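For reference, final_4.txt (compact mmCIF, C-alpha atoms and all ligand atoms):
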```
# COMPACT_ATOMS: atom_id res chain seq x y z
CA HIS Y 110 -12.68 -173.33 -109.42
CA GLY Y 111 -12.36 -171.09 -106.42
CA LYS Y 112 -9.26 -169.06 -105.70
CA LEU Y 113 -7.19 -168.48 -102.61
CA ILE Y 114 -6.50 -165.14 -100.95
CA ILE Y 115 -3.68 -165.24 -98.42
CA PHE Y 116 -3.23 -162.46 -95.88
CA SER Y 117 0.02 -162.62 -93.96
CA ALA Y 118 1.61 -160.13 -91.62
CA PRO Y 119 3.41 -159.77 -88.35
CA SER Y 120 1.08 -160.15 -85.38
CA GLY Y 121 -0.59 -156.79 -84.74
CA ALA Y 122 -0.26 -155.39 -88.27
CA GLY Y 123 -4.03 -155.38 -88.68
CA LYS Y 124 -4.53 -158.21 -91.13
CA THR Y 125 -7.47 -159.66 -89.23
CA THR Y 126 -9.39 -156.38 -89.54
CA LEU Y 127 -8.77 -156.36 -93.28
CA VAL Y 128 -9.77 -160.00 -93.71
CA ARG Y 129 -12.99 -159.37 -91.77
CA HIS Y 130 -13.74 -156.34 -93.92
CA LEU Y 131 -13.39 -158.37 -97.12
CA LEU Y 132 -15.59 -161.16 -95.73
CA GLU Y 133 -18.40 -158.60 -95.43
CA ILE Y 134 -18.44 -157.95 -99.18
CA PRO Y 135 -20.82 -160.56 -100.65
CA ALA Y 136 -19.70 -160.01 -104.27
CA LEU Y 137 -16.24 -161.37 -103.44
CA ASN Y 138 -17.77 -164.71 -102.46
CA LEU Y 139 -15.16 -165.34 -99.76
CA ALA Y 140 -15.12 -167.88 -96.95
CA PHE Y 141 -12.64 -167.87 -94.08
CA SER Y 142 -10.30 -170.82 -93.67
CA VAL Y 143 -10.50 -171.75 -89.99
CA SER Y 144 -7.10 -172.97 -88.81
CA ALA Y 145 -6.31 -175.51 -86.16
CA THR Y 146 -4.14 -174.44 -83.23
CA SER Y 147 -2.75 -175.86 -80.03
CA ARG Y 148 -2.47 -172.45 -78.42
CA GLU Y 149 -4.61 -171.65 -75.41
CA LYS Y 150 -7.95 -170.02 -76.00
CA ARG Y 151 -7.82 -166.40 -74.96
CA SER Y 152 -10.08 -165.82 -72.00
CA TYR Y 153 -12.01 -163.22 -73.93
CA VAL Y 154 -12.41 -162.85 -77.64
CA VAL Y 155 -10.54 -159.82 -78.90
CA GLU Y 156 -10.66 -160.33 -82.61
CA GLY Y 157 -13.56 -162.74 -82.88
CA LYS Y 158 -11.24 -165.00 -84.78
CA ASP Y 159 -12.18 -168.65 -84.86
CA TYR Y 160 -9.90 -171.63 -84.54
CA PHE Y 161 -10.27 -175.35 -84.06
CA PHE Y 162 -8.59 -175.63 -80.67
CA LEU Y 163 -6.64 -178.88 -80.29
CA THR Y 164 -4.36 -180.32 -77.65
CA THR Y 165 -0.71 -180.68 -78.66
CA ASP Y 166 -1.34 -184.41 -78.83
CA GLU Y 167 -4.30 -184.08 -81.17
CA PHE Y 168 -2.29 -181.68 -83.30
CA SER Y 169 0.63 -184.14 -83.57
CA LYS Y 170 -1.72 -186.90 -84.66
CA LYS Y 171 -3.04 -184.76 -87.47
CA ILE Y 172 0.53 -184.00 -88.57
CA LYS Y 173 1.25 -187.74 -88.65
CA ASN Y 174 -1.91 -188.42 -90.64
CA VAL Y 175 -0.91 -185.73 -93.15
CA GLU Y 176 -4.11 -183.78 -92.53
CA PHE Y 177 -2.48 -180.34 -92.93
CA VAL Y 178 -1.73 -178.42 -96.12
CA GLU Y 179 0.81 -176.53 -94.02
CA TRP Y 180 1.54 -176.30 -90.33
CA GLU Y 181 4.03 -174.51 -88.16
CA GLU Y 182 5.22 -174.01 -84.64
CA VAL Y 183 4.48 -170.29 -84.92
CA TYR Y 184 5.55 -169.63 -81.33
CA GLN Y 185 7.28 -171.97 -78.95
CA ASN Y 186 4.94 -174.88 -78.25
CA GLN Y 187 2.11 -173.20 -80.14
CA TYR Y 188 1.22 -174.99 -83.32
CA TYR Y 189 -0.97 -173.60 -86.07
CA GLY Y 190 -2.03 -175.32 -89.25
CA THR Y 191 -4.31 -175.22 -92.26
CA LEU Y 192 -6.45 -178.33 -92.58
CA LYS Y 193 -6.78 -179.92 -96.00
CA SER Y 194 -10.38 -180.85 -95.20
CA GLU Y 195 -11.21 -177.20 -94.47
CA VAL Y 196 -9.77 -175.82 -97.70
CA ASP Y 197 -11.21 -178.62 -99.84
CA SER Y 198 -14.72 -178.32 -98.48
CA LEU Y 199 -14.78 -174.53 -98.89
CA LEU Y 200 -13.51 -174.77 -102.46
CA LYS Y 201 -16.03 -177.51 -103.18
CA SER Y 202 -18.85 -175.31 -101.95
CA GLY Y 203 -17.91 -172.83 -104.69
CA LYS Y 204 -16.29 -170.23 -102.47
CA ASN Y 205 -13.02 -168.35 -102.75
CA VAL Y 206 -11.02 -169.07 -99.62
CA ILE Y 207 -9.33 -166.36 -97.53
CA PHE Y 208 -6.52 -167.12 -95.09
CA ASP Y 209 -5.17 -165.22 -92.09
CA ILE Y 210 -1.86 -166.94 -91.48
CA ASP Y 211 1.68 -166.13 -90.51
CA VAL Y 212 4.34 -165.08 -92.99
CA GLU Y 213 6.06 -168.44 -93.55
CA GLY Y 214 2.74 -170.26 -93.76
CA GLY Y 215 1.55 -167.74 -96.33
CA LEU Y 216 4.59 -168.29 -98.53
CA ASN Y 217 4.19 -172.06 -98.22
CA LEU Y 218 0.57 -171.87 -99.35
CA LYS Y 219 1.56 -169.65 -102.27
CA LYS Y 220 4.16 -172.24 -103.33
CA ILE Y 221 1.56 -175.01 -103.21
CA TYR Y 222 -1.28 -173.21 -105.00
CA GLY Y 223 0.73 -171.01 -107.40
CA SER Y 224 -1.36 -168.84 -109.72
CA LYS Y 225 -4.60 -169.93 -108.01
CA ALA Y 226 -3.46 -167.91 -104.99
CA LEU Y 227 -2.87 -164.23 -104.29
CA ALA Y 228 -0.46 -163.66 -101.40
CA ILE Y 229 -0.76 -160.27 -99.70
CA PHE Y 230 1.68 -159.01 -97.08
CA VAL Y 231 0.18 -156.46 -94.68
CA LYS Y 232 2.87 -154.06 -93.60
CA PRO Y 233 2.60 -152.03 -90.40
CA PRO Y 234 3.78 -148.41 -90.64
CA SER Y 235 6.54 -149.11 -88.07
CA ILE Y 236 7.65 -151.46 -85.33
CA LYS Y 237 6.72 -148.81 -82.77
CA HIS Y 238 3.22 -148.88 -84.18
CA LEU Y 239 3.06 -152.66 -83.90
CA GLU Y 240 4.13 -152.50 -80.28
CA GLN Y 241 1.36 -150.01 -79.51
CA ARG Y 242 -1.23 -152.15 -81.26
CA LEU Y 243 -0.21 -155.27 -79.42
CA ASN Y 244 -0.26 -153.32 -76.16
CA THR Y 245 -3.74 -151.93 -76.61
CA ARG Y 246 -4.99 -155.34 -77.68
CA SER Y 247 -3.81 -156.41 -74.20
CA SER Y 248 -4.40 -160.04 -75.04
CA GLU Y 249 -0.70 -160.74 -74.53
CA ASP Y 250 1.32 -160.93 -71.36
CA GLU Y 251 4.78 -159.35 -71.37
CA GLU Y 252 6.57 -162.52 -72.44
CA SER Y 253 4.19 -163.17 -75.31
CA LEU Y 254 4.40 -159.52 -76.40
CA LYS Y 255 8.18 -159.70 -76.53
CA MET Y 256 8.07 -162.95 -78.47
CA ARG Y 257 5.60 -161.53 -80.99
CA LEU Y 258 7.61 -158.35 -81.50
CA GLU Y 259 10.85 -160.22 -82.09
CA LYS Y 260 9.16 -162.42 -84.62
CA ALA Y 261 7.58 -159.39 -86.30
CA VAL Y 262 10.94 -157.72 -86.92
CA ALA Y 263 12.21 -160.88 -88.65
CA GLU Y 264 8.99 -161.27 -90.65
CA LEU Y 265 9.23 -157.81 -92.22
CA GLU Y 266 12.14 -159.13 -94.30
CA TYR Y 267 9.81 -161.44 -96.20
CA ALA Y 268 7.56 -158.72 -97.66
CA PRO Y 269 9.21 -158.65 -101.14
CA GLN Y 270 8.43 -162.34 -101.68
CA PHE Y 271 4.67 -161.67 -101.69
CA ASP Y 272 2.52 -160.84 -104.72
CA LYS Y 273 1.35 -157.60 -103.09
CA VAL Y 274 2.45 -155.46 -100.16
CA LEU Y 275 -0.33 -153.50 -98.48
CA LEU Y 276 0.77 -150.68 -96.20
CA ASN Y 277 -1.62 -150.40 -93.27
CA ASP Y 278 -1.06 -146.81 -92.16
CA ARG Y 279 -4.59 -145.50 -92.49
CA LEU Y 280 -7.30 -148.10 -92.08
CA GLU Y 281 -9.83 -146.73 -94.57
CA ARG Y 282 -7.20 -146.52 -97.31
CA ALA Y 283 -5.89 -149.98 -96.46
CA LYS Y 284 -9.42 -151.42 -96.69
CA LYS Y 285 -9.84 -149.86 -100.15
CA ASP Y 286 -6.45 -151.17 -101.30
CA ALA Y 287 -7.40 -154.64 -100.08
CA GLU Y 288 -10.68 -154.47 -102.02
CA VAL Y 289 -8.85 -153.45 -105.20
CA PHE Y 290 -6.15 -156.14 -104.94
CA VAL Y 291 -8.66 -158.90 -104.28
CA SER Y 292 -11.37 -157.88 -106.74
CA ASP Y 293 -8.79 -157.42 -109.52
CA PHE Y 294 -7.35 -160.86 -108.85
CA LEU Y 295 -10.78 -162.48 -108.81
CA GLY Y 296 -11.91 -160.55 -111.88
CA ILE Y 297 -14.89 -159.09 -110.04
CA ASN Y 298 -16.15 -155.56 -110.59
CA LEU Y 299 -17.15 -153.97 -107.27
CA GLU Y 300 -18.55 -150.74 -108.75
P1 LIG V 1 -2.99 -165.59 -83.03
O1 LIG V 1 -2.52 -166.44 -81.89
O2 LIG V 1 -2.70 -164.13 -82.83
O3 LIG V 1 -4.43 -165.84 -83.40
O4 LIG V 1 -2.16 -166.03 -84.32
C1 LIG V 1 -0.76 -166.03 -84.30
C2 LIG V 1 -0.21 -166.12 -85.71
O5 LIG V 1 -0.48 -167.41 -86.26
C3 LIG V 1 -0.87 -165.10 -86.64
O6 LIG V 1 0.15 -164.54 -87.46
C4 LIG V 1 -1.81 -165.95 -87.43
O7 LIG V 1 -2.08 -165.38 -88.69
C5 LIG V 1 -1.01 -167.23 -87.56
N1 LIG V 1 -1.81 -168.38 -87.99
C6 LIG V 1 -3.13 -168.60 -87.78
N2 LIG V 1 -3.53 -169.73 -88.36
C7 LIG V 1 -2.43 -170.25 -88.99
C8 LIG V 1 -2.21 -171.41 -89.81
O8 LIG V 1 -3.10 -172.21 -90.09
N3 LIG V 1 -0.95 -171.60 -90.27
C9 LIG V 1 0.06 -170.75 -90.00
N4 LIG V 1 1.26 -171.01 -90.52
N5 LIG V 1 -0.12 -169.65 -89.23
C10 LIG V 1 -1.34 -169.40 -88.74
```
What does this structure look like when you write it as structure tokens?
Amino acid sequence: HGKLIIFSAPSGAGKTTLVRHLLEIPALNLAFSVSATSREKRSYVVEGKDYFFLTTDEFSKKIKNVEFVEWEEVYQNQYYGTLKSEVDSLLKSGKNVIFDIDVEGGLNLKKIYGSKALAIFVKPPSIKHLEQRLNTRSSEDEESLKMRLEKAVAELEYAPQFDKVLLNDRLERAKKDAEVFVSDFLGINLE
């Protein structure tokens, strides 16, 4: 009977920080849905975000075997997907499942799970801001940075299709807003 909490945003909008914050609140009973990806492992862990790293070949096989709830070529030749087995086992264990996925993937999950899911769009204060964040993260080379920024501009258009839009201008406020959205949806009193 668990529910699904979907966090989507352009790369660099700060959704990972918010997801991590929520995972630290035991009362919310959340577990993180670990995605599969064919992208290269970063040489150092910036966000501490976990993936199942697959080769493109392994990823294609799983697509063929219909093992994904949703999958996407998020960037050229970089596939990301949510595994059915992952979501099912977390729900079975009695947890609410939280997702950190891109904007289209988030909307696809929302379509599939309907009222069992809350889809939250994390909005950066500005594109300039995003660029700075991606720069200081310094996990991207110039090409990747450009690719991510271009995608981000397009993704901002999708915000109105989400259940909630969370403006991430000041982190402490954004964390509080995230707590309120999620606890309200789950019917949990955090006081
Ligand atoms: P990164 O390479 O920065 O970890 O992730 C790139 C983008 O892919 C982020 O927006 C991230 O949220 C998204 N992403 C991660 N896992 C999935 C997934 O399973 N499905 C989809 N559609 N996007 C994902």
**OP:** Write out as number ranges by chain each polymer residue whose atoms come within 12 Å of Gly223 of chain Y, counting all atoms listed in the file; drop sequence neighbours fewer than 3 positions from it.
**Re:** Y: 112-115, 215-220, 226-228, 271-272
Just-selected residues, C-alpha atoms written as an mmCIF file, in the coordinates of the input:
```cif
data_model
loop_
_atom_site.group_PDB
_atom_site.id
_atom_site.type_symbol
_atom_site.label_atom_id
_atom_site.label_comp_id
_atom_site.auth_asym_id
_atom_site.auth_seq_id
_atom_site.Cartn_x
_atom_site.Cartn_y
_atom_site.Cartn_z
ATOM 1 C CA LYS Y 112 -9.260 -169.060 -105.700
ATOM 2 C CA LEU Y 113 -7.190 -168.480 -102.610
ATOM 3 C CA ILE Y 114 -6.500 -165.140 -100.950
ATOM 4 C CA ILE Y 115 -3.680 -165.240 -98.420
ATOM 5 C CA GLY Y 215 1.550 -167.740 -96.330
ATOM 6 C CA LEU Y 216 4.590 -168.290 -98.530
ATOM 7 C CA ASN Y 217 4.190 -172.060 -98.220
ATOM 8 C CA LEU Y 218 0.570 -171.870 -99.350
ATOM 9 C CA LYS Y 219 1.560 -169.650 -102.270
ATOM 10 C CA LYS Y 220 4.160 -172.240 -103.330
ATOM 11 C CA ALA Y 226 -3.460 -167.910 -104.990
ATOM 12 C CA LEU Y 227 -2.870 -164.230 -104.290
ATOM 13 C CA ALA Y 228 -0.460 -163.660 -101.400
ATOM 14 C CA PHE Y 271 4.670 -161.670 -101.690
ATOM 15 C CA ASP Y 272 2.520 -160.840 -104.720
#
```
Original post:
What do you get as a PyMOL selection string if you pick all residues at most 10 Å from ligand LIG 1 (chain V), counting only C-alpha atoms and all ligand atoms?
Top reply: chain Y and resi 115-122+124-125+142-151+155-161+177-184+187-192+208-218+243+248-249+253+257+260-261+264
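Distance-wise, atom CA of Pro233 of chain Y and atom CA of Asn277 of chain Y end up 5.4 Å apart.
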Original post:
Near Leu139 of chain Y, within 6 Å and counting only C-alpha atoms, which residues show up once chain neighbours fewer than 3 positions away are dropped, as a list of chain:residue names?
Top reply: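 Everything that qualifies: Y:Leu132, Y:Lys204, Y:Asn205, Y:Val206.
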Subject >> Surrounding residues of Arg279 of chain Y excluding itself and chain neighbours under 5 positions, 12 Å, all atoms listed in the file, as a PyMOL selection string >> reply: chain Y and resi 122-123+127+232-234+238+284-286
Subject >> Protein and nucleic acid residues near (-13.2, -156.5, -95.6) (cut-off 12 Å, all atoms listed in the file) as a PyMOL selection string >> reply: chain Y and resi 116+123-141+207+280-292
Return as lines of an AutoDock Vina configuration file the centre and edge lengths, in Å with one decimal, of the box along x, y and z that encloses every atom of segment 215-234 of chain Y in the file, padded by 6 Å per side.
```
center_x = 0.0
center_y = -161.7
center_z = -100.1
size_x = 21.2
size_y = 38.6
size_z = 31.3
```
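Taking only C-alpha atoms into account, Leu265 of chain Y lies nearest to Y:Val231 out of the set Y:Ile172, Y:Val231, Y:Leu163, Y:Ile297.
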**OP:** Could you check how far atom CA of Val196 of chain Y sits from atom CA of Ser224 of chain Y, in Å to one decimal?
**Re:** 16.2 Å
**OP:** Could you jot down the atom CA of Ser235 of chain Y to atom CA of Glu252 of chain Y separation for me, Å, one decimal place?
**Re:**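 Separation between atom CA of Ser235 of chain Y and atom CA of Glu252 of chain Y: 20.6 Å.
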